[in-house]
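Student: Please find structure_1.cif (mmCIF, N, CA and C atoms) on the next line:
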```cif
data_upload
#
loop_
_atom_site.label_atom_id
_atom_site.label_comp_id
_atom_site.auth_asym_id
_atom_site.auth_seq_id
_atom_site.Cartn_x
_atom_site.Cartn_y
_atom_site.Cartn_z
N MET A 228 -71.26 -12.69 -62.43
CA MET A 228 -71.74 -11.34 -62.61
C MET A 228 -72.73 -11.31 -63.77
N ASN A 229 -73.68 -10.43 -63.70
CA ASN A 229 -74.70 -10.31 -64.74
C ASN A 229 -74.28 -9.27 -65.77
N GLN A 230 -74.20 -9.69 -66.99
CA GLN A 230 -73.89 -8.75 -68.07
C GLN A 230 -75.06 -7.80 -68.27
N GLY A 231 -74.75 -6.54 -68.57
CA GLY A 231 -75.79 -5.56 -68.86
C GLY A 231 -76.24 -4.75 -67.67
N GLU A 232 -75.73 -5.04 -66.47
CA GLU A 232 -76.07 -4.23 -65.30
C GLU A 232 -75.40 -2.86 -65.40
N SER A 233 -76.06 -1.81 -64.91
CA SER A 233 -75.45 -0.48 -64.88
C SER A 233 -74.65 -0.36 -63.59
N VAL A 234 -73.34 -0.42 -63.74
CA VAL A 234 -72.43 -0.36 -62.59
C VAL A 234 -71.90 1.06 -62.44
N ALA A 235 -71.30 1.34 -61.28
CA ALA A 235 -70.88 2.70 -60.96
C ALA A 235 -69.37 2.87 -60.95
N THR A 236 -68.94 4.03 -61.40
CA THR A 236 -67.57 4.50 -61.20
C THR A 236 -67.67 5.74 -60.31
N GLN A 237 -66.53 6.28 -59.92
CA GLN A 237 -66.56 7.43 -59.01
C GLN A 237 -67.34 8.61 -59.59
N GLN A 238 -67.30 8.78 -60.90
CA GLN A 238 -68.01 9.89 -61.53
C GLN A 238 -69.53 9.75 -61.46
N ASP A 239 -70.02 8.56 -61.11
CA ASP A 239 -71.46 8.32 -61.08
C ASP A 239 -72.09 8.58 -59.70
N VAL A 240 -71.29 8.97 -58.73
CA VAL A 240 -71.81 9.25 -57.38
C VAL A 240 -72.32 10.68 -57.35
N LYS A 241 -73.59 10.84 -57.01
CA LYS A 241 -74.21 12.16 -56.94
C LYS A 241 -74.55 12.48 -55.48
N MET A 242 -74.32 13.74 -55.10
CA MET A 242 -74.59 14.20 -53.74
C MET A 242 -75.79 15.13 -53.73
N THR A 243 -76.61 15.00 -52.70
CA THR A 243 -77.71 15.92 -52.49
C THR A 243 -77.63 16.42 -51.05
N LEU A 244 -77.60 17.73 -50.89
CA LEU A 244 -77.52 18.33 -49.56
C LEU A 244 -78.88 18.32 -48.88
N ALA A 245 -78.86 18.18 -47.56
CA ALA A 245 -80.08 18.32 -46.77
C ALA A 245 -80.59 19.75 -46.91
N THR A 246 -81.86 19.95 -46.65
CA THR A 246 -82.43 21.30 -46.71
C THR A 246 -82.07 22.06 -45.43
N ALA A 247 -82.27 23.36 -45.46
CA ALA A 247 -81.99 24.19 -44.28
C ALA A 247 -82.87 23.78 -43.10
N ALA A 248 -83.99 23.12 -43.36
CA ALA A 248 -84.88 22.68 -42.28
C ALA A 248 -84.39 21.40 -41.62
N GLN A 249 -83.50 20.67 -42.29
CA GLN A 249 -82.96 19.42 -41.76
C GLN A 249 -81.62 19.73 -41.10
N VAL A 250 -81.66 19.98 -39.79
CA VAL A 250 -80.48 20.44 -39.07
C VAL A 250 -80.11 19.47 -37.95
N PRO A 251 -78.86 19.54 -37.48
CA PRO A 251 -78.46 18.69 -36.36
C PRO A 251 -79.26 19.01 -35.11
N SER A 252 -79.34 18.05 -34.21
CA SER A 252 -80.00 18.25 -32.94
C SER A 252 -79.38 19.45 -32.23
N GLY A 253 -80.19 20.32 -31.72
CA GLY A 253 -79.71 21.50 -31.01
C GLY A 253 -79.61 22.74 -31.87
N ALA A 254 -79.83 22.60 -33.17
CA ALA A 254 -79.77 23.76 -34.07
C ALA A 254 -81.19 24.22 -34.40
N MET A 255 -81.32 25.50 -34.67
CA MET A 255 -82.61 26.07 -35.04
C MET A 255 -82.77 26.00 -36.56
N PRO A 256 -83.83 25.35 -37.06
CA PRO A 256 -84.06 25.32 -38.51
C PRO A 256 -84.21 26.72 -39.07
N SER A 257 -83.73 26.91 -40.28
CA SER A 257 -83.86 28.17 -41.01
C SER A 257 -83.29 29.36 -40.26
N SER A 258 -82.18 29.15 -39.54
CA SER A 258 -81.55 30.27 -38.83
C SER A 258 -80.25 30.67 -39.50
N GLY A 259 -80.11 30.33 -40.76
CA GLY A 259 -78.93 30.75 -41.51
C GLY A 259 -77.86 29.70 -41.66
N GLY A 260 -78.02 28.56 -41.00
CA GLY A 260 -77.04 27.49 -41.15
C GLY A 260 -77.22 26.80 -42.49
N GLN A 261 -76.17 26.12 -42.93
CA GLN A 261 -76.28 25.40 -44.19
C GLN A 261 -75.34 24.21 -44.22
N TRP A 262 -75.70 23.26 -45.07
CA TRP A 262 -74.89 22.07 -45.29
C TRP A 262 -73.97 22.30 -46.47
N GLN A 263 -72.77 21.73 -46.38
CA GLN A 263 -71.83 21.71 -47.49
C GLN A 263 -71.31 20.29 -47.64
N ALA A 264 -71.05 19.89 -48.86
CA ALA A 264 -70.54 18.55 -49.12
C ALA A 264 -69.03 18.59 -49.30
N GLY A 265 -68.38 17.61 -48.74
CA GLY A 265 -66.94 17.45 -48.96
C GLY A 265 -66.71 16.67 -50.25
N THR A 266 -65.53 16.15 -50.39
CA THR A 266 -65.17 15.36 -51.57
C THR A 266 -65.60 13.91 -51.37
N VAL A 267 -66.13 13.31 -52.42
CA VAL A 267 -66.50 11.90 -52.36
C VAL A 267 -65.24 11.05 -52.47
N SER A 268 -65.12 10.09 -51.56
CA SER A 268 -64.04 9.10 -51.66
C SER A 268 -64.67 7.74 -51.92
N CYS A 269 -63.98 6.93 -52.67
CA CYS A 269 -64.54 5.63 -53.08
C CYS A 269 -63.55 4.51 -52.84
N LYS A 270 -64.11 3.31 -52.73
CA LYS A 270 -63.32 2.09 -52.72
C LYS A 270 -63.55 1.41 -54.06
N PHE A 271 -62.44 1.04 -54.70
CA PHE A 271 -62.48 0.55 -56.08
C PHE A 271 -62.27 -0.96 -56.13
N HIS A 272 -63.04 -1.61 -57.01
CA HIS A 272 -62.83 -3.04 -57.25
C HIS A 272 -61.55 -3.17 -58.06
N GLN A 273 -60.71 -4.11 -57.68
CA GLN A 273 -59.39 -4.25 -58.31
C GLN A 273 -59.44 -4.82 -59.72
N LYS A 274 -60.47 -5.56 -60.06
CA LYS A 274 -60.46 -6.26 -61.35
C LYS A 274 -61.53 -5.83 -62.34
N ILE A 275 -62.57 -5.16 -61.89
CA ILE A 275 -63.67 -4.82 -62.79
C ILE A 275 -63.57 -3.37 -63.22
N LYS A 276 -63.61 -3.15 -64.54
CA LYS A 276 -63.61 -1.80 -65.09
C LYS A 276 -64.74 -1.67 -66.09
N VAL A 277 -65.24 -0.46 -66.24
CA VAL A 277 -66.24 -0.16 -67.24
C VAL A 277 -65.87 1.21 -67.82
N ASP A 278 -65.89 1.31 -69.13
CA ASP A 278 -65.47 2.54 -69.82
C ASP A 278 -64.07 2.97 -69.37
N GLY A 279 -63.21 2.00 -69.08
CA GLY A 279 -61.84 2.29 -68.68
C GLY A 279 -61.65 2.75 -67.24
N GLN A 280 -62.75 2.79 -66.48
CA GLN A 280 -62.70 3.26 -65.09
C GLN A 280 -62.99 2.10 -64.15
N PRO A 281 -62.34 2.07 -62.97
CA PRO A 281 -62.64 0.99 -62.02
C PRO A 281 -64.05 1.14 -61.45
N VAL A 282 -64.71 0.01 -61.27
CA VAL A 282 -66.04 -0.02 -60.65
C VAL A 282 -65.86 0.16 -59.15
N ILE A 283 -66.81 0.83 -58.50
CA ILE A 283 -66.70 1.09 -57.06
C ILE A 283 -67.64 0.20 -56.26
N TYR A 284 -67.24 -0.09 -55.03
CA TYR A 284 -68.08 -0.87 -54.13
C TYR A 284 -68.41 -0.13 -52.84
N GLU A 285 -67.96 1.10 -52.72
CA GLU A 285 -68.35 1.93 -51.58
C GLU A 285 -68.03 3.38 -51.91
N ALA A 286 -68.91 4.29 -51.47
CA ALA A 286 -68.67 5.73 -51.62
C ALA A 286 -68.95 6.39 -50.28
N GLN A 287 -68.16 7.40 -49.98
CA GLN A 287 -68.32 8.11 -48.71
C GLN A 287 -68.13 9.61 -48.93
N CYS A 288 -68.90 10.40 -48.20
CA CYS A 288 -68.75 11.84 -48.24
C CYS A 288 -69.05 12.38 -46.84
N ILE A 289 -68.27 13.38 -46.43
CA ILE A 289 -68.53 14.04 -45.16
C ILE A 289 -69.19 15.37 -45.47
N PHE A 290 -70.42 15.51 -44.98
CA PHE A 290 -71.18 16.74 -45.12
C PHE A 290 -70.98 17.56 -43.84
N THR A 291 -70.84 18.87 -43.97
CA THR A 291 -70.58 19.74 -42.83
C THR A 291 -71.70 20.76 -42.70
N TYR A 292 -72.24 20.88 -41.48
CA TYR A 292 -73.24 21.90 -41.19
C TYR A 292 -72.55 23.03 -40.45
N SER A 293 -72.76 24.25 -40.89
CA SER A 293 -72.16 25.39 -40.21
C SER A 293 -73.10 26.58 -40.27
N GLY A 294 -72.89 27.47 -39.32
CA GLY A 294 -73.70 28.68 -39.24
C GLY A 294 -74.98 28.43 -38.46
N GLY A 295 -75.83 29.41 -38.45
CA GLY A 295 -77.11 29.29 -37.76
C GLY A 295 -77.01 29.49 -36.27
N LYS A 296 -78.13 29.32 -35.62
CA LYS A 296 -78.26 29.53 -34.19
C LYS A 296 -78.63 28.23 -33.50
N THR A 297 -78.44 28.21 -32.19
CA THR A 297 -78.89 27.07 -31.39
C THR A 297 -80.41 27.07 -31.36
N ALA A 298 -80.99 25.96 -30.92
CA ALA A 298 -82.45 25.81 -30.93
C ALA A 298 -83.17 26.90 -30.16
N ASP A 299 -82.53 27.46 -29.12
CA ASP A 299 -83.18 28.53 -28.36
C ASP A 299 -83.03 29.89 -29.05
N GLY A 300 -82.25 29.95 -30.14
CA GLY A 300 -82.11 31.17 -30.91
C GLY A 300 -81.15 32.19 -30.32
N ILE A 301 -80.51 31.86 -29.22
CA ILE A 301 -79.66 32.82 -28.51
C ILE A 301 -78.21 32.81 -29.00
N ALA A 302 -77.63 31.64 -29.06
CA ALA A 302 -76.20 31.53 -29.37
C ALA A 302 -75.97 31.01 -30.78
N ASP A 303 -74.76 31.25 -31.28
CA ASP A 303 -74.37 30.66 -32.56
C ASP A 303 -74.22 29.16 -32.36
N PHE A 304 -74.65 28.39 -33.37
CA PHE A 304 -74.52 26.94 -33.30
C PHE A 304 -73.04 26.58 -33.35
N PRO A 305 -72.59 25.72 -32.41
CA PRO A 305 -71.16 25.34 -32.43
C PRO A 305 -70.86 24.52 -33.68
N THR A 306 -69.92 25.00 -34.44
CA THR A 306 -69.61 24.34 -35.70
C THR A 306 -68.19 23.85 -35.70
N PRO A 307 -67.82 23.00 -36.58
CA PRO A 307 -68.69 22.35 -37.56
C PRO A 307 -69.33 21.09 -36.99
N PHE A 308 -70.45 20.74 -37.57
CA PHE A 308 -71.12 19.47 -37.27
C PHE A 308 -70.93 18.60 -38.49
N LEU A 309 -70.42 17.39 -38.30
CA LEU A 309 -70.11 16.51 -39.42
C LEU A 309 -71.12 15.37 -39.54
N ASP A 310 -71.54 15.11 -40.76
CA ASP A 310 -72.45 14.01 -41.08
C ASP A 310 -71.75 13.14 -42.12
N THR A 311 -71.24 12.00 -41.69
CA THR A 311 -70.54 11.09 -42.60
C THR A 311 -71.55 10.14 -43.24
N VAL A 312 -71.65 10.19 -44.55
CA VAL A 312 -72.60 9.37 -45.30
C VAL A 312 -71.80 8.31 -46.07
N VAL A 313 -72.14 7.05 -45.84
CA VAL A 313 -71.47 5.95 -46.51
C VAL A 313 -72.50 5.16 -47.32
N LEU A 314 -72.24 5.04 -48.61
CA LEU A 314 -73.12 4.28 -49.51
C LEU A 314 -72.48 2.94 -49.80
N LYS A 315 -73.20 1.89 -49.47
CA LYS A 315 -72.74 0.52 -49.74
C LYS A 315 -73.76 -0.16 -50.64
N PRO A 316 -73.34 -1.16 -51.39
CA PRO A 316 -74.27 -1.83 -52.31
C PRO A 316 -75.24 -2.76 -51.59
N LYS A 317 -76.30 -3.07 -52.29
CA LYS A 317 -77.23 -4.08 -51.79
C LYS A 317 -76.52 -5.43 -51.83
N ILE A 318 -76.61 -6.16 -50.77
CA ILE A 318 -75.89 -7.43 -50.67
C ILE A 318 -76.47 -8.45 -51.64
N GLY A 319 -75.58 -9.05 -52.42
CA GLY A 319 -75.97 -10.14 -53.30
C GLY A 319 -76.56 -9.74 -54.63
N LYS A 320 -76.74 -8.43 -54.87
CA LYS A 320 -77.33 -8.00 -56.13
C LYS A 320 -76.39 -8.23 -57.31
N LEU A 321 -75.14 -7.78 -57.18
CA LEU A 321 -74.14 -8.01 -58.21
C LEU A 321 -72.79 -8.12 -57.50
N LYS A 322 -72.17 -9.26 -57.64
CA LYS A 322 -70.99 -9.58 -56.85
C LYS A 322 -69.91 -10.18 -57.72
N GLU A 323 -68.66 -9.84 -57.39
CA GLU A 323 -67.50 -10.44 -58.04
C GLU A 323 -66.44 -10.65 -56.97
N LYS A 324 -65.93 -11.88 -56.86
CA LYS A 324 -64.92 -12.22 -55.85
C LYS A 324 -65.40 -11.84 -54.45
N ASN A 325 -66.66 -12.13 -54.16
CA ASN A 325 -67.29 -11.85 -52.87
C ASN A 325 -67.36 -10.38 -52.52
N ILE A 326 -67.25 -9.51 -53.50
CA ILE A 326 -67.40 -8.07 -53.27
C ILE A 326 -68.61 -7.60 -54.07
N ASP A 327 -69.61 -7.09 -53.38
CA ASP A 327 -70.77 -6.49 -54.04
C ASP A 327 -70.36 -5.13 -54.59
N VAL A 328 -70.87 -4.73 -55.74
CA VAL A 328 -70.54 -3.44 -56.33
C VAL A 328 -71.77 -2.55 -56.37
N LEU A 329 -71.53 -1.24 -56.45
CA LEU A 329 -72.63 -0.28 -56.51
C LEU A 329 -73.25 -0.25 -57.91
N LEU A 330 -74.57 -0.15 -57.94
CA LEU A 330 -75.33 -0.16 -59.19
C LEU A 330 -76.18 1.09 -59.31
N ASN A 331 -76.61 1.38 -60.52
CA ASN A 331 -77.52 2.49 -60.76
C ASN A 331 -78.72 2.40 -59.82
N GLY A 332 -79.03 3.50 -59.17
CA GLY A 332 -80.18 3.54 -58.27
C GLY A 332 -79.85 3.29 -56.80
N ASP A 333 -78.68 2.72 -56.51
CA ASP A 333 -78.29 2.55 -55.11
C ASP A 333 -78.21 3.93 -54.47
N ALA A 334 -78.72 4.07 -53.26
CA ALA A 334 -78.72 5.37 -52.58
C ALA A 334 -78.78 5.17 -51.08
N TYR A 335 -78.27 6.17 -50.37
CA TYR A 335 -78.40 6.20 -48.91
C TYR A 335 -78.59 7.65 -48.49
N THR A 336 -79.60 7.88 -47.66
CA THR A 336 -79.86 9.20 -47.09
C THR A 336 -79.66 9.11 -45.59
N SER A 337 -78.84 10.00 -45.06
CA SER A 337 -78.56 10.01 -43.62
C SER A 337 -79.78 10.51 -42.85
N PRO A 338 -79.80 10.32 -41.54
CA PRO A 338 -80.90 10.85 -40.73
C PRO A 338 -81.05 12.38 -40.85
N TYR A 339 -79.99 13.07 -41.29
CA TYR A 339 -80.04 14.52 -41.45
C TYR A 339 -80.50 14.94 -42.83
N GLY A 340 -80.63 13.99 -43.75
CA GLY A 340 -81.15 14.29 -45.08
C GLY A 340 -80.10 14.44 -46.17
N ASN A 341 -78.83 14.25 -45.85
CA ASN A 341 -77.79 14.29 -46.88
C ASN A 341 -77.76 12.93 -47.59
N THR A 342 -77.60 12.97 -48.92
CA THR A 342 -77.76 11.76 -49.72
C THR A 342 -76.59 11.54 -50.67
N LEU A 343 -76.22 10.27 -50.80
CA LEU A 343 -75.36 9.81 -51.88
C LEU A 343 -76.17 8.86 -52.72
N GLU A 344 -76.09 9.01 -54.05
CA GLU A 344 -76.88 8.17 -54.95
C GLU A 344 -76.07 7.87 -56.20
N ILE A 345 -76.30 6.69 -56.75
CA ILE A 345 -75.64 6.30 -58.00
C ILE A 345 -76.56 6.57 -59.17
N LYS A 346 -76.06 7.33 -60.13
CA LYS A 346 -76.75 7.60 -61.40
C LYS A 346 -75.81 7.15 -62.50
N SER A 347 -76.05 5.95 -63.02
CA SER A 347 -75.13 5.39 -64.00
C SER A 347 -75.87 4.71 -65.14
N HIS A 348 -75.30 4.84 -66.31
CA HIS A 348 -75.80 4.11 -67.48
C HIS A 348 -74.66 3.32 -68.10
N ARG A 349 -73.63 3.06 -67.27
CA ARG A 349 -72.45 2.33 -67.72
C ARG A 349 -72.75 0.83 -67.62
N LYS A 350 -72.99 0.20 -68.74
CA LYS A 350 -73.35 -1.21 -68.77
C LYS A 350 -72.11 -2.10 -68.65
N LEU A 351 -72.20 -3.08 -67.80
CA LEU A 351 -71.13 -4.04 -67.63
C LEU A 351 -71.20 -5.03 -68.78
N LYS A 352 -70.08 -5.20 -69.47
CA LYS A 352 -70.00 -6.14 -70.58
C LYS A 352 -68.90 -7.13 -70.30
N LEU A 353 -69.23 -8.39 -70.35
CA LEU A 353 -68.25 -9.43 -70.12
C LEU A 353 -67.81 -10.00 -71.45
N ASN A 354 -66.52 -10.20 -71.60
CA ASN A 354 -66.00 -10.77 -72.85
C ASN A 354 -65.75 -12.24 -72.71
#
```
As structure tokens, what does this structure read like?

Tutor:
Amino acid sequence: MNQGESVATQQDVKMTLATAAQVPSGAMPSSGGQWQAGTVSCKFHQKIKVDGQPVIYEAQCIFTYSGGKTADGIADFPTPFLDTVVLKPKIGKLKEKNIDVLLNGDAYTSPYGNTLEIKSHRKLKLN
């Protein structure tokens, strides 16, 4: 492992909601529907900690779209529509016991525009 890398804990996972214009197939943009984020769940590395917190190697959040109208504007959009976003690390960037960990700047945006991103300044220090 490389000392000095900014690694992630669960508190470092940031969520960004898709805009009202980024809607599921069959929904009308800007018809009152909106995205909501669920709770972030993480997978924790068993041996690596930073600032007393376990380092994570995967983060997941289920975003829910509700409200609005169908694309033809006639009916209410059938809800809820779920967008599961899973953030995994870049392979081989920083690894311990064959498990890659999430680093500052790692991000994934779903086709619907919902995003999980790592914002961390927690430096890994090896003793």

Student: From a backbone DSSP assignment, name each residue in chain A labelled strand (DSSP E), as a JSON list (two decimals) with N, CA and C atoms, in the frame of the given file.

Tutor:
```
[["chain", "number", "residue", "atom", "x", "y", "z"],
["A", 233, "SER", "N", -76.06, -1.81, -64.91],
["A", 233, "SER", "CA", -75.45, -0.48, -64.88],
["A", 233, "SER", "C", -74.65, -0.36, -63.59],
["A", 234, "VAL", "N", -73.34, -0.42, -63.74],
["A", 234, "VAL", "CA", -72.43, -0.36, -62.59],
["A", 234, "VAL", "C", -71.90, 1.06, -62.44],
["A", 240, "VAL", "N", -71.29, 8.97, -58.73],
["A", 240, "VAL", "CA", -71.81, 9.25, -57.38],
["A", 240, "VAL", "C", -72.32, 10.68, -57.35],
["A", 241, "LYS", "N", -73.59, 10.84, -57.01],
["A", 241, "LYS", "CA", -74.21, 12.16, -56.94],
["A", 241, "LYS", "C", -74.55, 12.48, -55.48],
["A", 242, "MET", "N", -74.32, 13.74, -55.10],
["A", 242, "MET", "CA", -74.59, 14.20, -53.74],
["A", 242, "MET", "C", -75.79, 15.13, -53.73],
["A", 243, "THR", "N", -76.61, 15.00, -52.70],
["A", 243, "THR", "CA", -77.71, 15.92, -52.49],
["A", 243, "THR", "C", -77.63, 16.42, -51.05],
["A", 261, "GLN", "N", -76.17, 26.12, -42.93],
["A", 261, "GLN", "CA", -76.28, 25.40, -44.19],
["A", 261, "GLN", "C", -75.34, 24.21, -44.22],
["A", 262, "TRP", "N", -75.70, 23.26, -45.07],
["A", 262, "TRP", "CA", -74.89, 22.07, -45.29],
["A", 262, "TRP", "C", -73.97, 22.30, -46.47],
["A", 263, "GLN", "N", -72.77, 21.73, -46.38],
["A", 263, "GLN", "CA", -71.83, 21.71, -47.49],
["A", 263, "GLN", "C", -71.31, 20.29, -47.64],
["A", 264, "ALA", "N", -71.05, 19.89, -48.86],
["A", 264, "ALA", "CA", -70.54, 18.55, -49.12],
["A", 264, "ALA", "C", -69.03, 18.59, -49.30],
["A", 268, "SER", "N", -65.12, 10.09, -51.56],
["A", 268, "SER", "CA", -64.04, 9.10, -51.66],
["A", 268, "SER", "C", -64.67, 7.74, -51.92],
["A", 269, "CYS", "N", -63.98, 6.93, -52.67],
["A", 269, "CYS", "CA", -64.54, 5.63, -53.08],
["A", 269, "CYS", "C", -63.55, 4.51, -52.84],
["A", 270, "LYS", "N", -64.11, 3.31, -52.73],
["A", 270, "LYS", "CA", -63.32, 2.09, -52.72],
["A", 270, "LYS", "C", -63.55, 1.41, -54.06],
["A", 271, "PHE", "N", -62.44, 1.04, -54.70],
["A", 271, "PHE", "CA", -62.48, 0.55, -56.08],
["A", 271, "PHE", "C", -62.27, -0.96, -56.13],
["A", 272, "HIS", "N", -63.04, -1.61, -57.01],
["A", 272, "HIS", "CA", -62.83, -3.04, -57.25],
["A", 272, "HIS", "C", -61.55, -3.17, -58.06],
["A", 273, "GLN", "N", -60.71, -4.11, -57.68],
["A", 273, "GLN", "CA", -59.39, -4.25, -58.31],
["A", 273, "GLN", "C", -59.44, -4.82, -59.72],
["A", 274, "LYS", "N", -60.47, -5.56, -60.06],
["A", 274, "LYS", "CA", -60.46, -6.26, -61.35],
["A", 274, "LYS", "C", -61.53, -5.83, -62.34],
["A", 275, "ILE", "N", -62.57, -5.16, -61.89],
["A", 275, "ILE", "CA", -63.67, -4.82, -62.79],
["A", 275, "ILE", "C", -63.57, -3.37, -63.22],
["A", 276, "LYS", "N", -63.61, -3.15, -64.54],
["A", 276, "LYS", "CA", -63.61, -1.80, -65.09],
["A", 276, "LYS", "C", -64.74, -1.67, -66.09],
["A", 277, "VAL", "N", -65.24, -0.46, -66.24],
["A", 277, "VAL", "CA", -66.24, -0.16, -67.24],
["A", 277, "VAL", "C", -65.87, 1.21, -67.82],
["A", 280, "GLN", "N", -62.75, 2.79, -66.48],
["A", 280, "GLN", "CA", -62.70, 3.26, -65.09],
["A", 280, "GLN", "C", -62.99, 2.10, -64.15],
["A", 281, "PRO", "N", -62.34, 2.07, -62.97],
["A", 281, "PRO", "CA", -62.64, 0.99, -62.02],
["A", 281, "PRO", "C", -64.05, 1.14, -61.45],
["A", 282, "VAL", "N", -64.71, 0.01, -61.27],
["A", 282, "VAL", "CA", -66.04, -0.02, -60.65],
["A", 282, "VAL", "C", -65.86, 0.16, -59.15],
["A", 283, "ILE", "N", -66.81, 0.83, -58.50],
["A", 283, "ILE", "CA", -66.70, 1.09, -57.06],
["A", 283, "ILE", "C", -67.64, 0.20, -56.26],
["A", 284, "TYR", "N", -67.24, -0.09, -55.03],
["A", 284, "TYR", "CA", -68.08, -0.87, -54.13],
["A", 284, "TYR", "C", -68.41, -0.13, -52.84],
["A", 285, "GLU", "N", -67.96, 1.10, -52.72],
["A", 285, "GLU", "CA", -68.35, 1.93, -51.58],
["A", 285, "GLU", "C", -68.03, 3.38, -51.91],
["A", 286, "ALA", "N", -68.91, 4.29, -51.47],
["A", 286, "ALA", "CA", -68.67, 5.73, -51.62],
["A", 286, "ALA", "C", -68.95, 6.39, -50.28],
["A", 287, "GLN", "N", -68.16, 7.40, -49.98],
["A", 287, "GLN", "CA", -68.32, 8.11, -48.71],
["A", 287, "GLN", "C", -68.13, 9.61, -48.93],
["A", 288, "CYS", "N", -68.90, 10.40, -48.20],
["A", 288, "CYS", "CA", -68.75, 11.84, -48.24],
["A", 288, "CYS", "C", -69.05, 12.38, -46.84],
["A", 289, "ILE", "N", -68.27, 13.38, -46.43],
["A", 289, "ILE", "CA", -68.53, 14.04, -45.16],
["A", 289, "ILE", "C", -69.19, 15.37, -45.47],
["A", 290, "PHE", "N", -70.42, 15.51, -44.98],
["A", 290, "PHE", "CA", -71.18, 16.74, -45.12],
["A", 290, "PHE", "C", -70.98, 17.56, -43.84],
["A", 291, "THR", "N", -70.84, 18.87, -43.97],
["A", 291, "THR", "CA", -70.58, 19.74, -42.83],
["A", 291, "THR", "C", -71.70, 20.76, -42.70],
["A", 292, "TYR", "N", -72.24, 20.88, -41.48],
["A", 292, "TYR", "CA", -73.24, 21.90, -41.19],
["A", 292, "TYR", "C", -72.55, 23.03, -40.45],
["A", 293, "SER", "N", -72.76, 24.25, -40.89],
["A", 293, "SER", "CA", -72.16, 25.39, -40.21],
["A", 293, "SER", "C", -73.10, 26.58, -40.27],
["A", 308, "PHE", "N", -70.45, 20.74, -37.57],
["A", 308, "PHE", "CA", -71.12, 19.47, -37.27],
["A", 308, "PHE", "C", -70.93, 18.60, -38.49],
["A", 309, "LEU", "N", -70.42, 17.39, -38.30],
["A", 309, "LEU", "CA", -70.11, 16.51, -39.42],
["A", 309, "LEU", "C", -71.12, 15.37, -39.54],
["A", 310, "ASP", "N", -71.54, 15.11, -40.76],
["A", 310, "ASP", "CA", -72.45, 14.01, -41.08],
["A", 310, "ASP", "C", -71.75, 13.14, -42.12],
["A", 311, "THR", "N", -71.24, 12.00, -41.69],
["A", 311, "THR", "CA", -70.54, 11.09, -42.60],
["A", 311, "THR", "C", -71.55, 10.14, -43.24],
["A", 312, "VAL", "N", -71.65, 10.19, -44.55],
["A", 312, "VAL", "CA", -72.60, 9.37, -45.30],
["A", 312, "VAL", "C", -71.80, 8.31, -46.07],
["A", 313, "VAL", "N", -72.14, 7.05, -45.84],
["A", 313, "VAL", "CA", -71.47, 5.95, -46.51],
["A", 313, "VAL", "C", -72.50, 5.16, -47.32],
["A", 314, "LEU", "N", -72.24, 5.04, -48.61],
["A", 314, "LEU", "CA", -73.12, 4.28, -49.51],
["A", 314, "LEU", "C", -72.48, 2.94, -49.80],
["A", 322, "LYS", "N", -72.17, -9.26, -57.64],
["A", 322, "LYS", "CA", -70.99, -9.58, -56.85],
["A", 322, "LYS", "C", -69.91, -10.18, -57.72],
["A", 323, "GLU", "N", -68.66, -9.84, -57.39],
["A", 323, "GLU", "CA", -67.50, -10.44, -58.04],
["A", 323, "GLU", "C", -66.44, -10.65, -56.97],
["A", 326, "ILE", "N", -67.25, -9.51, -53.50],
["A", 326, "ILE", "CA", -67.40, -8.07, -53.27],
["A", 326, "ILE", "C", -68.61, -7.60, -54.07],
["A", 327, "ASP", "N", -69.61, -7.09, -53.38],
["A", 327, "ASP", "CA", -70.77, -6.49, -54.04],
["A", 327, "ASP", "C", -70.36, -5.13, -54.59],
["A", 334, "ALA", "N", -78.72, 4.07, -53.26],
["A", 334, "ALA", "CA", -78.72, 5.37, -52.58],
["A", 334, "ALA", "C", -78.78, 5.17, -51.08],
["A", 335, "TYR", "N", -78.27, 6.17, -50.37],
["A", 335, "TYR", "CA", -78.40, 6.20, -48.91],
["A", 335, "TYR", "C", -78.59, 7.65, -48.49],
["A", 336, "THR", "N", -79.60, 7.88, -47.66],
["A", 336, "THR", "CA", -79.86, 9.20, -47.09],
["A", 336, "THR", "C", -79.66, 9.11, -45.59],
["A", 342, "THR", "N", -77.60, 12.97, -48.92],
["A", 342, "THR", "CA", -77.76, 11.76, -49.72],
["A", 342, "THR", "C", -76.59, 11.54, -50.67],
["A", 343, "LEU", "N", -76.22, 10.27, -50.80],
["A", 343, "LEU", "CA", -75.36, 9.81, -51.88],
["A", 343, "LEU", "C", -76.17, 8.86, -52.72],
["A", 344, "GLU", "N", -76.09, 9.01, -54.05],
["A", 344, "GLU", "CA", -76.88, 8.17, -54.95],
["A", 344, "GLU", "C", -76.07, 7.87, -56.20],
["A", 345, "ILE", "N", -76.30, 6.69, -56.75],
["A", 345, "ILE", "CA", -75.64, 6.30, -58.00],
["A", 345, "ILE", "C", -76.56, 6.57, -59.17],
["A", 349, "ARG", "N", -73.63, 3.06, -67.27],
["A", 349, "ARG", "CA", -72.45, 2.33, -67.72],
["A", 349, "ARG", "C", -72.75, 0.83, -67.62],
["A", 350, "LYS", "N", -72.99, 0.20, -68.74],
["A", 350, "LYS", "CA", -73.35, -1.21, -68.77],
["A", 350, "LYS", "C", -72.11, -2.10, -68.65]]
```

Student: Tell me which of A:Ile326, A:Gly332, A:Leu244, A:Asp278 sits closest to Lys350 in chain A, counting only N, CA and C atoms.

Tutor: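 Using only N, CA and C atoms, Lys350 in chain A sits closest to A:Asp278.
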
Student: Can you turn the PyMOL selection byres (((chain A and resi 337 and name CA) around 12) and name CA) into a concrete residue list for this file, as number ranges by chain?

Tutor: A: 242-245, 249-251, 287-290, 309-314, 334-336, 338-344

Student: If you measure from atom N of Lys346 in chain A to atom N of Asp333 in chain A, what distance in Å do you get, rounded to one decimal?

Tutor: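 That distance, rounded to one decimal, is 6.4 Å.
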
Student: Tell me which of A:Gly259, A:Tyr284, A:Thr266, A:Lys296 sits closest to Leu330 in chain A, counting only C-alpha atoms.

Tutor: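 Closest to Leu330 in chain A, using only C-alpha atoms: A:Tyr284.
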
Student: Nearest residue to Thr236 in chain A out of A:Thr306, A:Gln273, A:Gln280, A:Thr297, using all atoms listed in the file?

Tutor: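 Counting all atoms listed in the file, the residue closest to Thr236 in chain A is A:Gln280.
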